[in-house]
Structure formats: structure tokens, C-alpha cells
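Report on the structure given below.
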Amino acid sequence: MSPVLVLGVGNTLMSDDGVGVRLLERLQSEAPPMAGVEYVDAGTLSFILLPRIQACGALLVLDAAHLGETPGAMRALTGPDMDEFLRTARCSVHEVGIRDLLDLARLTDSLPERRAFIGIQPKQVGWGDLLSQEVAAAVPGAVAKARSLLVEWSATAGGGEQRPEAHGHG
């Protein structure tokens, strides 16, 4: 069982839609590495991810999201706040959304108790392999927030006895 599953969602060939995968890559490359964290490039999502979600103890989703804010705006939502946001229409730019996967996990009584969503408002979703300036500028803050959540979850998962070093991250 993977204690923490981090999903980077998006299509890196569709400009800002790929921000979730870019966040995942950046988070995964940060030092020090975090034990017990599985990083998965979830692409544009698929139901084949369900067993991984059902088996994890905590879930962090990184994605482009329709926040109704200016391009590059970032929002971090946890637990019930995440669930409520994902229930809104058009929160995701993908056909099969994380909402669908979490609903299936909920129906099978395997929804991770600890879950969070970090979304960035895209500026453009069209052909291109570069993020817009606004979205690229939001990446460091989103990565810092993700790292902070992972450190917090690591500390609480082990009863607080095995705290990872988090100097400069968060």
C-alpha cells in the first residue's frame, strides 16, 4: 500500500493543460526526496487509475482547473472542500475527471481520508508544449504548497516520529 499517491494530471502538448504534470515533475525532483510517496503522471486520466487511488492512504492531485479567477491563480483544497469543488460543473478541463475517479472510490468505500487538490487557472489550452507566462509563474508557489502538504501528511502518518527534513520547502 502506497501511503501517499501524487497524481499529475494533464496533457503536456496542450500548453497550460499540462501544468499538473509539470508540477509533478518539479515536485518529484525536489530535494530531499520524500519516502513513501508515489508520483504518477496521470495524463488526461483514466479509470485504470482507480486501483491506485483505492490502495493509497493519502491522495494529492495536481491539475489545471477552472477556478473562475485570473490565469495563474492557484487554489489548494483539502478533504470536504476538495470534494465540494470537484462536484461543480466544469471544474476540470478533462473528460474523465478526478471527480469521476473519486466517486468510484467513494462507492467502493475506499476514498482516501487524506486528500487534496492543487489547481491552477489556465490561460490557454491549445496546441503547444510551453506553459503561459502566468501559469509558469504560479508553478513555484504550487510546488511549495504541495511539498508542505506532503511533509504534513508524512509527519502525521508516522505518529510524528519520522519527520522529513523540510528546510527551504514550504
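Residue numbering restarts at 1 for every chain of the C-alpha cells, chains are lettered A, B, ... in their displayed order, and ligands are numbered from 1 as they appear.
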Non-local contacts of A:Leu27 (8 Å; only C-alpha atoms; under 6 positions in same chain excluded) as an NGL selection string
:A and (143 or 146-147)
Expected answer as an NGL selection string: strand (DSSP E) residues in chain A
:A and (4-9 or 37-43 or 58-64 or 74-78 or 114-120)
Shell of 8 Å around stretch 59-72 of chain A, only C-alpha atoms, local chain residues under 5 positions omitted, as JSON, numbers by chain
{"A": [4, 5, 6, 7, 8, 9, 10, 16, 17, 18, 19, 20, 21, 23, 24, 53, 90, 91, 92, 93, 112, 114, 115, 116, 117, 118, 119, 120, 121, 122, 123, 134, 135, 136, 137, 138, 146]}
Expected file contents, prior selection, C-alpha atoms, as a compact mmCIF listing (two decimals), in the first residue's frame:
```txt
# COMPACT_ATOMS: atom_id res chain seq x y z
CA VAL A 4 0.77 8.85 -0.44
CA LEU A 5 -0.17 9.00 -4.12
CA VAL A 6 0.55 12.18 -6.08
CA LEU A 7 -1.22 12.45 -9.44
CA GLY A 8 -0.05 14.99 -12.01
CA VAL A 9 -2.95 15.42 -14.40
CA GLY A 10 -2.88 16.95 -17.87
CA ASP A 16 -1.47 25.16 -19.73
CA ASP A 17 -3.43 21.89 -19.56
CA GLY A 18 -0.08 20.23 -18.82
CA VAL A 19 0.58 22.21 -15.64
CA GLY A 20 -0.36 19.29 -13.36
CA VAL A 21 2.30 17.09 -14.96
CA LEU A 23 4.08 20.39 -11.09
CA LEU A 24 4.54 16.65 -10.55
CA ILE A 53 -6.45 5.55 -5.62
CA ARG A 90 -16.58 22.24 -15.47
CA CYS A 91 -14.03 22.28 -12.66
CA SER A 92 -11.70 20.11 -14.75
CA VAL A 93 -10.55 20.55 -18.32
CA PRO A 112 -8.59 8.20 0.88
CA ARG A 114 -6.46 12.47 3.45
CA ARG A 115 -6.88 14.08 0.05
CA ALA A 116 -6.03 17.40 -1.51
CA PHE A 117 -6.29 19.16 -4.85
CA ILE A 118 -3.98 21.89 -6.08
CA GLY A 119 -5.28 23.61 -9.18
CA ILE A 120 -4.01 26.45 -11.32
CA GLN A 121 -6.26 28.54 -13.55
CA PRO A 122 -5.09 28.07 -17.15
CA LYS A 123 -4.74 30.94 -19.60
CA GLU A 134 1.07 33.46 -15.92
CA VAL A 135 0.78 29.74 -15.29
CA ALA A 136 4.56 29.21 -15.32
CA ALA A 137 4.88 31.95 -12.69
CA ALA A 138 2.44 30.07 -10.43
CA ALA A 146 2.25 20.58 -2.43
```
Please return as number ranges by chain: the residues of stretch 10-166 of chain A that backbone DSSP assigns to alpha helix (DSSP H).
A: 19-29, 50-55, 79-87, 98-107, 133-157
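Minimum atom-to-atom distance to A:Met34, evaluated using only C-alpha atoms, belongs to A:Pro3 out of A:Phe47, A:Pro3, A:Leu13, A:Ala73.
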